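Notes to accompany the following structure.
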Amino acid sequence: MDVIVIGGGIAGVATAYQLRAAGHRVCVVERFATVAQGATYGHGGTVLPTPLDVWFGPTFMHSRQGAKSGVIRKTGFNGAARLFEKQLSSWQEPQAFSRQYGLLRPLIEASRDAMADVEARFGLEFEQSNGVLYLTRSAQEWQQTQPALELLRQYEVPHHVLTPAECAAFEHSVPTDPEFAGGVLFDQERTANCPLFTKLIKQTLDTQGGVQFMLNREVEAIRLDGQRAAVELAPRLGELTSSREVDVINADAIVVAAGTGTLPLLERLGLRVPLHPLRLHTLSAPIAHEECAPHVAIVDAVKRITITRMNHRLRIAGGAVLQGAGQADKPLSEAVTKDALALLGQATHDWIPGAAKISAALSWDGLKLLSPDGLPLVGNALHPRLFVNAGHGPAGWGLACGAARLVADLIGGVTPELPADTLAALRPERFGR
C-alpha cells in the first residue's frame, strides 16, 4: 500500500519505519527542513513512563497552587482549559488511576519491545543511559506517590524504594540536607536522546529505500473520497498560489502524526478531539563541576522535572505551562517564561547543587498535546483510510514507537496484539465528535 504520514517528529518517523517494515511504501510530509524539529527536539529524555510519571493520577497537579505542582497556569486561563484540568484530575482517585494505568500498560510494554527490536536490528547508539531516580521532598508528596508504588508492586516492575540516606549513598550528587522524604530507583529504565534516535531512524530509512521524505512542506487539508485518500500541500514559501495547481498526493491510507498540527487537520474533517497543549521548557546547561554531576537521571516526582546527562551537558526539562488551546500559537509572556525556567533552575539547585552552570544554559520551549484521560490517540478515525498517532504527552517518547507498530498492524489488516480494552481506550473517536 501507499501511505502518507503527516509529521516528521518521533511519532511520524517511527510510524514510517513500522509501515516500511510491513512492506508498505511511505511518504512522510514534514513542515520543517528536517525531522525532529518540533516537540521532539526538546524532549527531556525519559524513554517510557512508569506509574510515577504518567501525566494523570494522584500526583498530577495535586496542589491547587501551580508552582508547587510544577504546572503553571497561564494568565487568562479559560473555561475550556479549566474543564480539561477538571477532567484530568478525575483520575487522581487511586482506583481510577489503577484502571487507567492498566489500560496504558500494554502499550508501554509493546513500545519496549518495538524499540528493542529496532536496536537489535541496527545497533543504534542514541545516548542511552540506564537508571532513573525519582525523588520526593515532603511526607505529603511521598504519600501522594503510594498508589503508584502499589502499581509497581502489582505489575512486578523492577524498582527499589530508598530512604534519603540510601538515595545519597547511591547517587553522590544528591544532598541529604535539607531533608527530603525518599526516592524510588529504576535501575532498568532508561533515558536517551529522542531527536538523535529520530534522525538515526530516518537515516536507516533513507538507506533502505521505500520511504520518501518531503521536507519544508505543510499539509493544508486531507481528502477522504471513496477508495482513496489524499493530502493537499500548502504552497511553498514564496510561491504564488494563483499561478499553480494545488499540489495533491494520493495514497491508500493517511496517518496523522503531526503533533499540535494534528488538531486543525482533524477538525477540518469534523473530528474535534479535546487534546490540550502543554508548553514544556528545557534548559541545556554545561556541567559546572564534574564531581557534582549525577550518574543517573534525576526526576522530581511531583514537579515532573527531569534532569538527564547528555555528554558534557545536563538537560533539565519540565516547567509545564497549561494554557488555553486558542493561545497555543502565541508566545508566553516574559514573566510566565521566567517562572517556568525558575522551576527548572530551582529543581537543579535542590537535587544536584553545583552540577549545572545555569547561567550559561540554553533554553527551549515547545508544545506537547495531552488528552483529558491521559492516554494517546492511536488508531483508525472517521474513515477506513485515516489513522492517528498523536497526543502521547510529555511522559515518555518511546510510547510513539509501540503506537507506530499498532498503526502499521491496523493499516495492514493484522490483528493487534494489544488487549481489546486498551485498543478501545486509545481510539481517537472515544471522546465523540
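By convention in this document, the chains of the C-alpha cells carry letters A, B, ... by their order, each chain's residues are numbered from 1, and ligands are numbered from 1 in the order they are shown.
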
Enumerate the residues of stretch 170-374 of chain A with a DSSP assignment of strand (DSSP E), computed from the backbone, and present them as a VMD selection string.
chain A and resid 182 to 191 211 to 214 219 to 225 228 to 233 247 to 251 253 to 256 276 to 286 297 to 300 305 to 310 313 to 322 362 to 370

Can you write out the residues you just picked, keeping C-alpha atoms, as a PDB file, in the first residue's frame?
```
ATOM      1  CA  GLY A 182      12.787   9.446  49.930  1.00  0.00           C
ATOM      2  CA  GLY A 183      13.157   8.080  46.441  1.00  0.00           C
ATOM      3  CA  VAL A 184      12.423   5.263  44.011  1.00  0.00           C
ATOM      4  CA  LEU A 185      15.166   3.845  41.805  1.00  0.00           C
ATOM      5  CA  PHE A 186      14.502   2.175  38.457  1.00  0.00           C
ATOM      6  CA  ASP A 187      17.864   0.720  37.511  1.00  0.00           C
ATOM      7  CA  GLN A 188      16.466  -0.944  34.363  1.00  0.00           C
ATOM      8  CA  GLU A 189      14.640   2.094  32.952  1.00  0.00           C
ATOM      9  CA  ARG A 190      16.470   4.410  30.581  1.00  0.00           C
ATOM     10  CA  THR A 191      16.856   7.913  29.332  1.00  0.00           C
ATOM     11  CA  VAL A 211      10.294   5.940   2.255  1.00  0.00           C
ATOM     12  CA  GLN A 212      10.250   9.435   0.769  1.00  0.00           C
ATOM     13  CA  PHE A 213      10.647  12.485   2.991  1.00  0.00           C
ATOM     14  CA  MET A 214       9.028  15.672   1.726  1.00  0.00           C
ATOM     15  CA  VAL A 219      -0.303  19.738   4.703  1.00  0.00           C
ATOM     16  CA  GLU A 220      -3.201  22.122   4.257  1.00  0.00           C
ATOM     17  CA  ALA A 221      -6.045  19.608   4.097  1.00  0.00           C
ATOM     18  CA  ILE A 222      -6.862  15.913   3.948  1.00  0.00           C
ATOM     19  CA  ARG A 223      -9.202  14.470   1.317  1.00  0.00           C
ATOM     20  CA  LEU A 224     -11.150  11.307   2.031  1.00  0.00           C
ATOM     21  CA  ASP A 225     -13.111  10.178  -1.015  1.00  0.00           C
ATOM     22  CA  ARG A 228      -8.508   6.583  -1.974  1.00  0.00           C
ATOM     23  CA  ALA A 229      -7.206   9.283   0.314  1.00  0.00           C
ATOM     24  CA  ALA A 230      -5.120  12.339  -0.431  1.00  0.00           C
ATOM     25  CA  VAL A 231      -3.476  15.385   1.108  1.00  0.00           C
ATOM     26  CA  GLU A 232      -3.335  18.915  -0.208  1.00  0.00           C
ATOM     27  CA  LEU A 233       0.002  20.622   0.308  1.00  0.00           C
ATOM     28  CA  ASP A 247      -0.348  20.030  -5.015  1.00  0.00           C
ATOM     29  CA  VAL A 248      -2.170  16.816  -4.163  1.00  0.00           C
ATOM     30  CA  ILE A 249      -0.635  13.482  -3.127  1.00  0.00           C
ATOM     31  CA  ASN A 250      -2.801  10.377  -3.336  1.00  0.00           C
ATOM     32  CA  ALA A 251      -2.442   7.293  -1.185  1.00  0.00           C
ATOM     33  CA  ALA A 253      -4.064   5.487   3.719  1.00  0.00           C
ATOM     34  CA  ILE A 254      -3.049   8.550   5.726  1.00  0.00           C
ATOM     35  CA  VAL A 255      -1.560   8.688   9.229  1.00  0.00           C
ATOM     36  CA  VAL A 256      -1.782  11.989  11.099  1.00  0.00           C
ATOM     37  CA  HIS A 276      -4.818  20.258  25.223  1.00  0.00           C
ATOM     38  CA  PRO A 277      -1.452  21.945  24.708  1.00  0.00           C
ATOM     39  CA  LEU A 278       1.155  21.896  27.435  1.00  0.00           C
ATOM     40  CA  ARG A 279       4.124  24.147  26.834  1.00  0.00           C
ATOM     41  CA  LEU A 280       7.224  22.413  28.154  1.00  0.00           C
ATOM     42  CA  HIS A 281      10.555  24.068  28.860  1.00  0.00           C
ATOM     43  CA  THR A 282      14.088  22.733  28.659  1.00  0.00           C
ATOM     44  CA  LEU A 283      17.444  24.036  29.831  1.00  0.00           C
ATOM     45  CA  SER A 284      20.625  22.568  28.365  1.00  0.00           C
ATOM     46  CA  ALA A 285      23.361  23.561  30.797  1.00  0.00           C
ATOM     47  CA  PRO A 286      27.100  22.874  30.791  1.00  0.00           C
ATOM     48  CA  ALA A 297      18.765  10.611  35.648  1.00  0.00           C
ATOM     49  CA  ILE A 298      17.067  12.523  38.453  1.00  0.00           C
ATOM     50  CA  VAL A 299      13.311  13.146  38.414  1.00  0.00           C
ATOM     51  CA  ASP A 300      11.422  15.445  40.753  1.00  0.00           C
ATOM     52  CA  ILE A 305      11.165  17.878  36.276  1.00  0.00           C
ATOM     53  CA  THR A 306      13.720  15.543  34.702  1.00  0.00           C
ATOM     54  CA  ILE A 307      17.470  16.057  34.839  1.00  0.00           C
ATOM     55  CA  THR A 308      19.485  13.884  32.473  1.00  0.00           C
ATOM     56  CA  ARG A 309      23.109  13.909  31.471  1.00  0.00           C
ATOM     57  CA  MET A 310      23.880  14.098  27.767  1.00  0.00           C
ATOM     58  CA  ARG A 313      25.727  18.895  29.406  1.00  0.00           C
ATOM     59  CA  LEU A 314      22.695  18.435  31.617  1.00  0.00           C
ATOM     60  CA  ARG A 315      19.229  18.600  30.121  1.00  0.00           C
ATOM     61  CA  ILE A 316      16.662  19.884  32.602  1.00  0.00           C
ATOM     62  CA  ALA A 317      13.095  19.505  31.343  1.00  0.00           C
ATOM     63  CA  GLY A 318       9.696  20.397  32.781  1.00  0.00           C
ATOM     64  CA  GLY A 319       8.207  23.734  33.776  1.00  0.00           C
ATOM     65  CA  ALA A 320       4.900  22.916  32.108  1.00  0.00           C
ATOM     66  CA  VAL A 321       2.557  25.796  31.312  1.00  0.00           C
ATOM     67  CA  LEU A 322      -1.102  24.924  30.840  1.00  0.00           C
ATOM     68  CA  LEU A 362      20.359  27.361  26.514  1.00  0.00           C
ATOM     69  CA  SER A 363      16.570  27.412  26.843  1.00  0.00           C
ATOM     70  CA  TRP A 364      13.886  25.880  24.641  1.00  0.00           C
ATOM     71  CA  ASP A 365      10.133  25.615  24.809  1.00  0.00           C
ATOM     72  CA  GLY A 366       7.638  23.663  22.766  1.00  0.00           C
ATOM     73  CA  LEU A 367       4.130  22.260  22.828  1.00  0.00           C
ATOM     74  CA  LYS A 368       3.020  18.741  23.595  1.00  0.00           C
ATOM     75  CA  LEU A 369      -0.560  17.532  23.428  1.00  0.00           C
ATOM     76  CA  LEU A 370      -2.219  15.847  26.391  1.00  0.00           C
TER      77      LEU A 370
END
```

Using only C-alpha atoms, which protein or nucleic acid residues come within 12 Å of stretch 260-263 of chain A? Drop anything in the same chain fewer than 3 positions from it, and give the result as number ranges by chain.
A: 5-9, 11-12, 30-31, 38-40, 218-222, 255-257, 266-279, 325-326, 328-329, 366-371, 377, 387-393, 428

For A:Gly402, the nearest of the candidates A:Arg20, A:Arg112, A:Arg105, A:His43, counting only C-alpha atoms:
A:Arg112

Given the choices A:Leu83, A:Ala288, A:Leu149, A:Val296, which gets closest to A:Phe170 if the distance is worked out from only C-alpha atoms?
A:Val296

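The closest residue to A:Pro49, picked from A:Leu375, A:Leu332, A:Ile108, A:Val302 and counting only C-alpha atoms, is A:Ile108.
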
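Pairwise distance (atom CA of A:Gln92, atom CA of A:Gly42) equals 27.7 Å.
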
Just the alpha helix (DSSP H) stuff from stretch 349-399 of chain A, please, per backbone DSSP, written as a ChimeraX atom specification.
/A:349-351,399
